[in-house]
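Inspection log for the structure reproduced underneath, given as structure tokens.
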Amino acid sequence: MKASETLRAPAKLNLTLEVLSRRADGLHGLRSVMVPVDLCDELRIEPANEFRFSCDAPDLANDNLVERSMRAAGLDDVNVQVTLHKRIPTGAGMGGGSSDAAAVLLGAQHGVFGESAVEDYVTAARSLGSDVPFFLVQTAALVEGTGERVTALGAVPPWHAVVIKPPVSVSTSSAYERIDAAPRESRARSSSVSLQLAEAFQRGEFERVVGLLHNDFHDVIVPATPQIARALDLLRTAGASHALMTGSGSCVFALTETLQQRDTLASRVLLPDGYALYSCSFWNGQAWRNAA
């Protein structure tokens with residue numbers, strides 16, 4: 001490469017998350033409507049004499065998803081300095097690591113690193129994690145299977161979110177153990193809340209979307225995690241009509257239809273020590289348009 005580049009990696013929110021039965025391969029099926037938001041990590045790519053990686057979050061300095069995605073794209077020996085500036089909270093259910101990986105793959109597709117030996121970036125994304133294929137489409141999507149079936153929902157509405165990160169992280173494996181321990185009814189795809197919300201989302205029906213917000217992890221994780229329960233109470237006390245956990249936690253969020261509503265809600269949150277607040281807007285890029 002001849003010039004420096006900066007890649008943006010957006011966070012995501014799960015507007016729905018249905019955990020389905022465990023498959024023969026040991027993985028759980030899922031259905032989820034995910035939307036990117038403009039809380040973004042940044043990856044600075046600069047020419048160098050050898051491949052080097054650095055990050056302003058020390059615990060991500062070794063064998064993180066950026067380096068793994070470089071290897072998956074056949075770029076681990078390219079002469080660049082990759083510097084990851086973290087903005088997305090870790091252990092939060094907002095997909096920061098997966099988004100970083102997808103940003104590398106999208107950058108490789110566009111020749112940011114020079115010539116890549118990989119042609120099938122979707123397969124590379126699947127090998128890196130269940131959320132990575134979603135981030136390749138750069139817009140809201142219905143995600144199914146184990147994350148590999150991604151149906152873009154088109155341009156996102158101009159909606160917003162207030163997000164709180166409590167001072168706790170949730171292990172994804174322990175979250176699935178709690179899901180498996182709780183009795184659950186099987187659900188036909190035709191009655192899926194994710195399909196209903198996807199339709200309302202595409203129609204721009206804000207109130208219906210809010211009424212359909214759903215996360216199977218919510219009811220098993222929140223009662224066992226007082227910090228998350230408190231974060232939800234903070235949003236409700238501030239005036240949120242419906243607050244929900246994203247992913248398997250620990251971040252929680254509330255949606256607003258306008259920027260003014262978002263900023264008003266955020267200003268009313270009385271944030272305790274150790275809790276972090278993020279004001280976000282829905283985001284999309286160009287990848288889904290180019291693939292259409």
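By convention here, the chains of the structure tokens are called A, B, ... in the order presented, each chain's residues are numbered starting at 1, and ligands are numbered starting at 1 in the order presented.
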
When DSSP works through the backbone of this structure, what residues of range 206-254 of chain A end up as strand (DSSP E), shown as a PyMOL selection string?
chain A and resi 214-215+243-245+252-254

Which polymer residues have any atom within 10 Å of an atom of range 171-179 of chain A, counting only C-alpha atoms, with same-chain residues fewer than 2 positions away left out, as a PyMOL selection string?
chain A and resi 19-20+22+27-28+91-93+169+181-184+216-221+224+247-250

Measuring atom to atom with only C-alpha atoms, identify which of A:Thr225, A:Ser4, A:Thr16, A:Asn215 is nearest to Val112 in chain A.
A:Ser4

Among the residues of range 10-242 of chain A, find those DSSP assigns to alpha helix (DSSP H) from the backbone and print them as a VMD selection string.
chain A and resid 65 to 72 96 to 109 121 to 128 132 to 137 172 to 181 193 to 203 206 to 212 218 to 221 226 to 238

Given the selection you just returned, output its residues as a file containing C-alpha atoms, formatted as an mmCIF file, in the first residue's frame.
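Listing of again-v4.cif after writing:
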data_model
loop_
_atom_site.group_PDB
_atom_site.id
_atom_site.type_symbol
_atom_site.label_atom_id
_atom_site.label_comp_id
_atom_site.auth_asym_id
_atom_site.auth_seq_id
_atom_site.Cartn_x
_atom_site.Cartn_y
_atom_site.Cartn_z
ATOM 1 C CA LEU A 65 -9.827 -10.964 15.761
ATOM 2 C CA VAL A 66 -7.995 -8.334 13.718
ATOM 3 C CA GLU A 67 -4.905 -10.509 13.429
ATOM 4 C CA ARG A 68 -6.999 -13.628 12.867
ATOM 5 C CA SER A 69 -8.940 -11.909 10.077
ATOM 6 C CA MET A 70 -5.658 -10.819 8.458
ATOM 7 C CA ARG A 71 -4.592 -14.464 8.417
ATOM 8 C CA ALA A 72 -7.998 -15.573 7.088
ATOM 9 C CA GLY A 96 -16.870 -5.142 18.577
ATOM 10 C CA GLY A 97 -14.379 -7.908 17.808
ATOM 11 C CA SER A 98 -16.543 -9.348 15.032
ATOM 12 C CA SER A 99 -16.959 -5.907 13.496
ATOM 13 C CA ASP A 100 -13.192 -5.339 13.588
ATOM 14 C CA ALA A 101 -12.714 -8.637 11.752
ATOM 15 C CA ALA A 102 -15.319 -7.728 9.130
ATOM 16 C CA ALA A 103 -13.705 -4.305 8.624
ATOM 17 C CA VAL A 104 -10.446 -6.037 7.740
ATOM 18 C CA LEU A 105 -12.212 -8.341 5.265
ATOM 19 C CA LEU A 106 -14.081 -5.427 3.670
ATOM 20 C CA GLY A 107 -10.840 -3.492 3.453
ATOM 21 C CA ALA A 108 -9.162 -6.460 1.789
ATOM 22 C CA GLN A 109 -12.001 -6.662 -0.737
ATOM 23 C CA TYR A 121 -14.778 -13.489 1.949
ATOM 24 C CA VAL A 122 -18.087 -14.851 3.242
ATOM 25 C CA THR A 123 -16.483 -18.216 4.054
ATOM 26 C CA ALA A 124 -13.595 -16.391 5.688
ATOM 27 C CA ALA A 125 -16.086 -14.407 7.767
ATOM 28 C CA ARG A 126 -17.901 -17.558 8.884
ATOM 29 C CA SER A 127 -14.626 -19.067 10.067
ATOM 30 C CA LEU A 128 -14.021 -16.085 12.355
ATOM 31 C CA VAL A 132 -18.830 -11.555 11.374
ATOM 32 C CA PRO A 133 -20.968 -12.297 8.255
ATOM 33 C CA PHE A 134 -23.585 -9.799 9.490
ATOM 34 C CA PHE A 135 -21.052 -6.975 9.585
ATOM 35 C CA LEU A 136 -20.111 -7.587 5.940
ATOM 36 C CA VAL A 137 -23.491 -6.262 4.722
ATOM 37 C CA THR A 172 -21.329 -16.316 26.037
ATOM 38 C CA SER A 173 -20.857 -19.984 26.937
ATOM 39 C CA SER A 174 -22.385 -19.471 30.391
ATOM 40 C CA ALA A 175 -25.278 -17.577 28.788
ATOM 41 C CA TYR A 176 -26.037 -20.566 26.561
ATOM 42 C CA GLU A 177 -25.815 -22.878 29.585
ATOM 43 C CA ARG A 178 -28.519 -20.808 31.279
ATOM 44 C CA ILE A 179 -30.640 -20.896 28.116
ATOM 45 C CA ASP A 180 -30.332 -24.674 27.915
ATOM 46 C CA ALA A 181 -31.263 -25.085 31.589
ATOM 47 C CA VAL A 193 -40.874 -12.342 16.380
ATOM 48 C CA SER A 194 -37.754 -11.654 14.320
ATOM 49 C CA LEU A 195 -39.691 -11.904 11.060
ATOM 50 C CA GLN A 196 -42.421 -9.656 12.449
ATOM 51 C CA LEU A 197 -39.915 -7.058 13.594
ATOM 52 C CA ALA A 198 -38.012 -7.206 10.292
ATOM 53 C CA GLU A 199 -41.233 -6.353 8.453
ATOM 54 C CA ALA A 200 -42.044 -3.483 10.836
ATOM 55 C CA PHE A 201 -38.471 -2.237 10.554
ATOM 56 C CA GLN A 202 -38.629 -2.092 6.765
ATOM 57 C CA ARG A 203 -41.943 -0.224 6.977
ATOM 58 C CA PHE A 206 -41.131 2.684 15.141
ATOM 59 C CA GLU A 207 -43.727 1.965 17.831
ATOM 60 C CA ARG A 208 -44.317 -1.551 16.496
ATOM 61 C CA VAL A 209 -40.580 -2.230 16.408
ATOM 62 C CA VAL A 210 -40.242 -1.123 20.030
ATOM 63 C CA GLY A 211 -43.169 -3.339 21.006
ATOM 64 C CA LEU A 212 -41.526 -6.357 19.356
ATOM 65 C CA HIS A 218 -32.672 -11.319 28.669
ATOM 66 C CA ASP A 219 -34.875 -13.289 31.062
ATOM 67 C CA VAL A 220 -32.156 -15.755 32.082
ATOM 68 C CA ILE A 221 -29.224 -13.332 32.378
ATOM 69 C CA PRO A 226 -27.663 -7.313 39.398
ATOM 70 C CA GLN A 227 -25.481 -4.845 37.474
ATOM 71 C CA ILE A 228 -27.445 -5.454 34.280
ATOM 72 C CA ALA A 229 -30.756 -5.225 36.131
ATOM 73 C CA ARG A 230 -29.633 -1.881 37.535
ATOM 74 C CA ALA A 231 -28.656 -0.607 34.066
ATOM 75 C CA LEU A 232 -32.141 -1.450 32.814
ATOM 76 C CA ASP A 233 -33.684 0.378 35.767
ATOM 77 C CA LEU A 234 -31.553 3.434 34.962
ATOM 78 C CA LEU A 235 -33.034 3.602 31.448
ATOM 79 C CA ARG A 236 -36.587 3.037 32.647
ATOM 80 C CA THR A 237 -36.263 5.656 35.381
ATOM 81 C CA ALA A 238 -34.966 8.100 32.773
#

Name all residues at most 9 Å from Asn79 in chain A (count only C-alpha atoms; drop same-chain ones fewer than 5 positions away) and give them as number ranges by chain.
A: 1, 46-52, 113

Could those selected residues go to a file with all heavy atoms, as a short mmCIF file (atom, residue, chain, number, x, y, z; two decimals), in the first residue's frame?
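Writing the result to result.cif gives the following:
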data_model
loop_
_atom_site.label_atom_id
_atom_site.label_comp_id
_atom_site.auth_asym_id
_atom_site.auth_seq_id
_atom_site.Cartn_x
_atom_site.Cartn_y
_atom_site.Cartn_z
N MET A 1 0.83 -1.18 0.00
CA MET A 1 0.00 0.00 0.00
C MET A 1 0.88 1.25 0.00
O MET A 1 2.01 1.23 0.48
CB MET A 1 -0.94 -0.01 1.20
CG MET A 1 -0.27 0.07 2.56
SD MET A 1 -1.44 0.05 3.93
CE MET A 1 -2.44 1.50 3.59
N GLU A 46 -1.30 1.64 8.00
CA GLU A 46 -0.20 2.46 7.50
C GLU A 46 0.90 1.58 6.92
O GLU A 46 1.10 0.44 7.38
CB GLU A 46 0.38 3.31 8.63
CG GLU A 46 -0.63 4.24 9.29
CD GLU A 46 -0.07 4.90 10.52
OE1 GLU A 46 -0.01 4.23 11.57
OE2 GLU A 46 0.30 6.08 10.44
N PRO A 47 1.62 2.07 5.92
CA PRO A 47 2.76 1.30 5.37
C PRO A 47 3.81 1.05 6.45
O PRO A 47 4.02 1.89 7.33
CB PRO A 47 3.30 2.22 4.26
CG PRO A 47 2.18 3.16 3.96
CD PRO A 47 1.43 3.35 5.23
N ALA A 48 4.46 -0.12 6.38
CA ALA A 48 5.50 -0.46 7.34
C ALA A 48 6.48 -1.42 6.68
O ALA A 48 6.26 -1.89 5.55
CB ALA A 48 4.89 -1.08 8.60
N ASN A 49 7.55 -1.75 7.38
CA ASN A 49 8.55 -2.67 6.84
C ASN A 49 8.19 -4.13 7.08
O ASN A 49 8.78 -5.03 6.49
CB ASN A 49 9.92 -2.38 7.46
CG ASN A 49 10.45 -1.01 7.06
OD1 ASN A 49 10.22 -0.56 5.93
ND2 ASN A 49 11.14 -0.35 7.98
N GLU A 50 7.22 -4.36 7.97
CA GLU A 50 6.74 -5.70 8.28
C GLU A 50 5.34 -5.56 8.88
O GLU A 50 4.89 -4.45 9.17
CB GLU A 50 7.68 -6.39 9.27
CG GLU A 50 7.79 -5.65 10.60
CD GLU A 50 8.76 -6.31 11.56
OE1 GLU A 50 9.32 -7.35 11.19
OE2 GLU A 50 8.94 -5.78 12.67
N PHE A 51 4.67 -6.69 9.06
CA PHE A 51 3.34 -6.62 9.68
C PHE A 51 3.50 -6.37 11.18
O PHE A 51 4.22 -7.07 11.88
CB PHE A 51 2.55 -7.90 9.45
CG PHE A 51 1.23 -7.90 10.20
CD1 PHE A 51 0.19 -7.10 9.78
CD2 PHE A 51 1.06 -8.67 11.35
CE1 PHE A 51 -1.02 -7.06 10.47
CE2 PHE A 51 -0.14 -8.65 12.04
CZ PHE A 51 -1.18 -7.84 11.60
N ARG A 52 2.78 -5.35 11.66
CA ARG A 52 2.75 -5.06 13.09
C ARG A 52 1.32 -4.69 13.48
O ARG A 52 0.60 -4.08 12.71
CB ARG A 52 3.70 -3.89 13.44
CG ARG A 52 5.16 -4.16 13.17
CD ARG A 52 6.05 -3.11 13.85
NE ARG A 52 5.76 -1.76 13.39
CZ ARG A 52 6.41 -1.17 12.39
NH1 ARG A 52 7.35 -1.81 11.73
NH2 ARG A 52 6.10 0.07 12.04
N PHE A 113 -5.12 -3.36 1.52
CA PHE A 113 -3.85 -3.98 1.91
C PHE A 113 -3.02 -4.43 0.70
O PHE A 113 -2.00 -5.09 0.86
CB PHE A 113 -4.11 -5.19 2.81
CG PHE A 113 -4.93 -4.88 4.02
CD1 PHE A 113 -6.30 -5.06 4.02
CD2 PHE A 113 -4.32 -4.40 5.17
CE1 PHE A 113 -7.06 -4.78 5.15
CE2 PHE A 113 -5.07 -4.12 6.30
CZ PHE A 113 -6.44 -4.30 6.30
#

From the options A:Pro157, A:Gly147, A:Gly285, A:Gly239, which residue's atoms come nearest to Ser267 in chain A, counting only C-alpha atoms?
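Once distances to Ser267 in chain A are computed over only C-alpha atoms, the minimum belongs to A:Gly239.
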
Hey, what's within 9 Å of Ala161 in chain A if we count only C-alpha atoms and toss same-chain stuff fewer than 4 positions away? As a list in words, please?
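The residues that qualify are Val37, Phe253, Ala254, Leu255, Thr256, Glu257, Leu259, Arg262, Tyr278, Ser279, Cys280, Ser281 and Phe282 of chain A.
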